Structure formats: C-alpha cells, structure tokens
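Here's upload-v8.cif, which has mmCIF, C-alpha atoms:
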data_work
loop_
_atom_site.group_PDB
_atom_site.id
_atom_site.type_symbol
_atom_site.label_atom_id
_atom_site.label_comp_id
_atom_site.auth_asym_id
_atom_site.auth_seq_id
_atom_site.Cartn_x
_atom_site.Cartn_y
_atom_site.Cartn_z
ATOM 1 C CA MET S 1 -10.793 16.663 1.314
ATOM 2 C CA LYS S 2 -11.784 13.751 3.569
ATOM 3 C CA ARG S 3 -9.822 11.339 1.380
ATOM 4 C CA MET S 4 -6.757 13.592 1.568
ATOM 5 C CA LYS S 5 -6.967 13.706 5.368
ATOM 6 C CA LYS S 6 -6.540 9.924 5.667
ATOM 7 C CA ASP S 7 -2.760 10.071 5.280
ATOM 8 C CA PRO S 8 -1.042 11.770 8.261
ATOM 9 C CA LYS S 9 1.591 13.349 5.990
ATOM 10 C CA ASP S 10 -1.250 15.206 4.217
ATOM 11 C CA TRP S 11 -2.841 16.687 7.350
ATOM 12 C CA LYS S 12 -0.712 19.834 7.425
ATOM 13 C CA GLN S 13 -1.147 20.459 3.709
ATOM 14 C CA VAL S 14 -4.924 19.932 3.932
ATOM 15 C CA GLY S 15 -4.927 22.493 6.743
ATOM 16 C CA ILE S 16 -3.037 24.928 4.513
ATOM 17 C CA LEU S 17 -5.484 24.355 1.643
ATOM 18 C CA ASN S 18 -8.370 25.001 4.046
ATOM 19 C CA TRP S 19 -6.644 28.178 5.235
ATOM 20 C CA TRP S 20 -6.339 29.427 1.634
ATOM 21 C CA LEU S 21 -9.987 28.590 0.910
ATOM 22 C CA SER S 22 -11.117 30.412 4.034
ATOM 23 C CA ARG S 23 -9.072 33.521 3.214
ATOM 24 C CA ILE S 24 -10.216 33.549 -0.406
ATOM 25 C CA GLY S 25 -13.854 32.984 0.583
ATOM 26 C CA THR S 26 -14.108 35.496 3.412
ATOM 27 C CA LEU S 27 -11.552 38.208 2.654
ATOM 28 C CA TYR S 28 -10.368 38.430 -0.925
ATOM 29 C CA GLY S 29 -12.637 36.676 -3.383
ATOM 30 C CA ALA S 30 -11.377 34.318 -6.060
ATOM 31 C CA GLN S 31 -8.773 36.550 -7.652
ATOM 32 C CA ASP S 32 -6.645 35.058 -10.424
ATOM 33 C CA HIS S 33 -3.343 35.221 -8.516
ATOM 34 C CA PHE S 34 -4.652 32.809 -5.849
ATOM 35 C CA PHE S 35 -5.000 29.981 -8.383
ATOM 36 C CA LYS S 36 -2.708 28.250 -10.830
ATOM 37 C CA ARG S 37 -4.242 27.700 -14.227
ATOM 38 C CA GLU S 38 -3.830 24.118 -15.445
ATOM 39 C CA GLY S 39 -5.421 23.596 -18.816
ATOM 40 C CA TYR S 40 -8.994 24.903 -18.654
ATOM 41 C CA ALA S 41 -9.227 24.483 -14.873
ATOM 42 C CA GLU S 42 -7.459 25.926 -11.851
ATOM 43 C CA ARG S 43 -5.792 24.428 -8.819
ATOM 44 C CA LEU S 44 -4.723 25.296 -5.320
ATOM 45 C CA PRO S 45 -2.341 25.997 -3.683
ATOM 46 C CA PRO S 46 -1.458 29.290 -5.387
ATOM 47 C CA PRO S 47 1.542 29.171 -7.747
ATOM 48 C CA THR S 48 3.553 31.418 -5.424
ATOM 49 C CA TYR S 49 3.103 29.024 -2.485
ATOM 50 C CA ARG S 50 5.280 25.949 -2.079
ATOM 51 C CA PHE S 51 4.769 23.268 0.525
ATOM 52 C CA VAL S 52 7.975 23.015 2.518
ATOM 53 C CA GLU S 53 7.693 19.385 3.513
ATOM 54 C CA SER S 54 7.932 16.682 0.884
ATOM 55 C CA ASP S 55 8.955 13.076 0.512
ATOM 56 C CA GLY S 56 11.813 13.741 -1.899
ATOM 57 C CA GLU S 57 12.177 14.452 -5.572
ATOM 58 C CA SER S 58 8.925 12.740 -6.546
ATOM 59 C CA ASP S 59 6.687 14.666 -4.137
ATOM 60 C CA PHE S 60 5.208 17.951 -5.283
ATOM 61 C CA GLY S 61 2.563 18.335 -2.560
ATOM 62 C CA LEU S 62 -1.200 18.191 -2.624
ATOM 63 C CA ARG S 63 -3.236 19.628 -5.461
ATOM 64 C CA LEU S 64 -6.899 20.613 -5.249
ATOM 65 C CA TYR S 65 -8.534 21.191 -8.618
ATOM 66 C CA CYS S 66 -11.360 23.659 -8.989
ATOM 67 C CA LEU S 67 -13.236 25.864 -11.417
ATOM 68 C CA VAL S 68 -13.347 29.598 -10.802
ATOM 69 C CA LEU S 69 -16.572 30.913 -12.312
ATOM 70 C CA SER S 70 -16.349 34.370 -10.718
ATOM 71 C CA GLU S 71 -14.778 36.063 -7.700
ATOM 72 C CA GLN S 72 -17.784 34.833 -5.706
ATOM 73 C CA VAL S 73 -18.191 31.305 -7.136
ATOM 74 C CA VAL S 74 -15.573 28.552 -7.047
ATOM 75 C CA ILE S 75 -16.489 24.921 -7.661
ATOM 76 C CA LEU S 76 -14.176 22.692 -5.631
ATOM 77 C CA LEU S 77 -13.502 19.365 -7.294
ATOM 78 C CA ASN S 78 -10.929 16.807 -6.264
ATOM 79 C CA GLY S 79 -7.202 16.317 -6.169
ATOM 80 C CA GLY S 80 -4.346 14.359 -4.706
ATOM 81 C CA ARG S 81 -0.628 14.250 -4.028
ATOM 82 C CA LYS S 82 1.342 15.096 -7.147
ATOM 83 C CA THR S 83 4.152 12.572 -7.587
ATOM 84 C CA ALA S 84 5.476 13.449 -11.040
ATOM 85 C CA GLN S 85 6.852 16.586 -12.648
ATOM 86 C CA ARG S 86 4.005 16.687 -15.188
ATOM 87 C CA VAL S 87 0.446 16.209 -13.967
ATOM 88 C CA GLN S 88 -0.222 14.015 -17.035
ATOM 89 C CA ASP S 89 2.333 11.540 -15.647
ATOM 90 C CA CYS S 90 0.886 11.456 -12.119
ATOM 91 C CA PRO S 91 -1.563 8.608 -11.405
ATOM 92 C CA ASN S 92 -2.858 10.428 -8.297
ATOM 93 C CA CYS S 93 -3.678 13.757 -9.936
ATOM 94 C CA PHE S 94 -4.247 13.109 -13.627
ATOM 95 C CA PRO S 95 -7.803 11.695 -13.320
ATOM 96 C CA HIS S 96 -8.848 14.739 -11.250
ATOM 97 C CA PHE S 97 -7.009 17.137 -13.571
ATOM 98 C CA ASN S 98 -8.647 15.505 -16.588
ATOM 99 C CA PHE S 99 -12.144 15.675 -15.046
ATOM 100 C CA ALA S 100 -11.669 19.320 -14.016
ATOM 101 C CA ASN S 101 -10.643 20.250 -17.544
ATOM 102 C CA LYS S 102 -13.522 18.384 -19.170
ATOM 103 C CA LEU S 103 -16.041 19.960 -16.785
ATOM 104 C CA SER S 104 -14.568 23.415 -17.282
ATOM 105 C CA ASP S 105 -14.711 22.999 -21.049
ATOM 106 C CA ALA S 106 -18.358 21.821 -20.870
ATOM 107 C CA ILE S 107 -19.350 24.807 -18.693
ATOM 108 C CA TYR S 108 -17.556 27.218 -21.027
ATOM 109 C CA GLU S 109 -19.288 25.698 -24.058
ATOM 110 C CA ALA S 110 -22.691 25.901 -22.318
ATOM 111 C CA ARG S 111 -22.085 29.560 -21.451
ATOM 112 C CA GLN S 112 -21.082 30.295 -25.054
ATOM 113 C CA GLN S 113 -24.205 28.526 -26.318
ATOM 114 C CA GLU S 114 -26.377 30.453 -23.864
ATOM 115 C CA ASN S 115 -24.812 33.770 -24.895
ATOM 116 C CA SER S 116 -25.306 33.055 -28.604
ATOM 117 C CA GLU S 117 -28.950 32.083 -27.999
ATOM 118 C CA TYR S 118 -29.592 35.329 -26.158
ATOM 119 C CA SER S 119 -27.893 37.424 -28.827
ATOM 120 C CA THR S 120 -30.026 35.864 -31.595
ATOM 121 C CA CYS S 121 -33.252 36.547 -29.656
ATOM 122 C CA SER S 122 -32.643 40.319 -29.365
#

Is it possible to express this structure as structure tokens?
Amino acid sequence: MKRMKKDPKDWKQVGILNWWLSRIGTLYGAQDHFFKREGYAERLPPPTYRFVESDGESDFGLRLYCLVLSEQVVILLNGGRKTAQRVQDCPNCFPHFNFANKLSDAIYEARQQENSEYSTCS
C-alpha cells in the first residue's frame, strides 16, 4: 500500500481500500460478496463498489489482489491502478494478478495434497 500512496491521485482510493479492509477485518469477516473473484484469486474493492474519480476512459481505479483462505484469514498481496479494460492488458496490474493467481493455485494444490495424504492415513 505504501507504493500506492506515492501518487496523490491514489490517496483517496487507498483510504477507501483501508476502510474496506478495516470493516471486513473487524465487523464482517471475509465474506464472498466483499471480494471480486479474478481467476483463482480475489481483489478489492468489492465488485459493487466503483471509484467515482478517474482519469478518463483508461482509468479503472486501484486494485488490491488478495487470497481469501477463510472468513478470518485474508492474505493481502499487491496491486496497482488498472488502466485497461482487461487486467491481462494492464501493465500495472497484470504482474500482481498473475502472481496472486499462481500463489492461490499453489496453496490450493498444497491443501489438496494435504487432504489426500490425511485420507490415505486413516
């Protein structure tokens, strides 16, 4: 989040992301409707929330990628300002999106492996 705070136009949106994280962490838990699924990972802000301010047609606001492991555990990763319609076309977000998806996939595979090892030991 420190990197995102460097640009003054991001300050308000970083504050909004922090507000969502605080509300999710202290009041509601990591319920599905607070996150937008993108591939195997999730991102904030929620899909129902739209940043009002933008820099035109090629500004889709800040994205913060994360992994929701349970209602109590969310791994915050990284993100950036989305500047293309598709995240795959955005040089700011795609590396973070890609990393979040690879990490999520690796954690899922490790959990599956762990579950199959436990089931064969019983």

Neighbouring residues of segment 91-108 of chain S were defined as those with any atom within 10 Å, considering only C-alpha atoms; residues of the same chain fewer than 4 positions away were excluded. Please report them as JSON, numbers by chain.
{"S": [38, 39, 40, 41, 42, 43, 62, 63, 64, 65, 66, 67, 68, 69, 75, 76, 77, 78, 79, 80, 81, 82, 83, 84, 86, 87, 112, 113, 114]}

Please report, as JSON, the centre and edge lengths in Å to one decimal of an axis-aligned box covering all listed atoms of segment 58-73 of chain S with 5 Å per side.
{"center_x": -4.6, "center_y": 24.4, "center_z": -7.4, "size_x": 37.1, "size_y": 33.3, "size_z": 19.8}

Do you know which residues are at most 6 Å from segment 20-32 of chain S counting all atoms listed in the file, after dropping those on the same chain fewer than 3 positions away, and could you put them as an mmCIF file with C-alpha atoms, keeping the file's coordinate frame?
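File produced: around.cif:
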data_model
loop_
_atom_site.group_PDB
_atom_site.id
_atom_site.type_symbol
_atom_site.label_atom_id
_atom_site.label_comp_id
_atom_site.auth_asym_id
_atom_site.auth_seq_id
_atom_site.Cartn_x
_atom_site.Cartn_y
_atom_site.Cartn_z
ATOM 1 C CA LEU S 17 -5.484 24.355 1.643
ATOM 2 C CA PHE S 35 -5.000 29.981 -8.383
ATOM 3 C CA GLU S 71 -14.778 36.063 -7.700
ATOM 4 C CA GLN S 72 -17.784 34.833 -5.706
#

For a test of reading the model, state the distance in Å between atom CA of Pro45 of chain S and atom CA of Lys12 of chain S, rounded to one decimal.
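Computing it gives 12.8 Å between the two atoms.
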
What is the atom CA of Pro46 of chain S-atom CA of Phe34 of chain S distance in Å, reported with one decimal?
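We find that atom CA of Pro46 of chain S and atom CA of Phe34 of chain S lie 4.8 Å from each other.
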
Point-to-point distance from atom CA of His33 of chain S to atom CA of Lys9 of chain S, Å rounded to tenths:
26.7 Å

For Gln13 of chain S, which residue out of S:Gly61, S:Val74, S:Asn115, S:Gln85 is the nearest one, using all atoms listed in the file?
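Of all the options, S:Gly61 lies closest to Gln13 of chain S.
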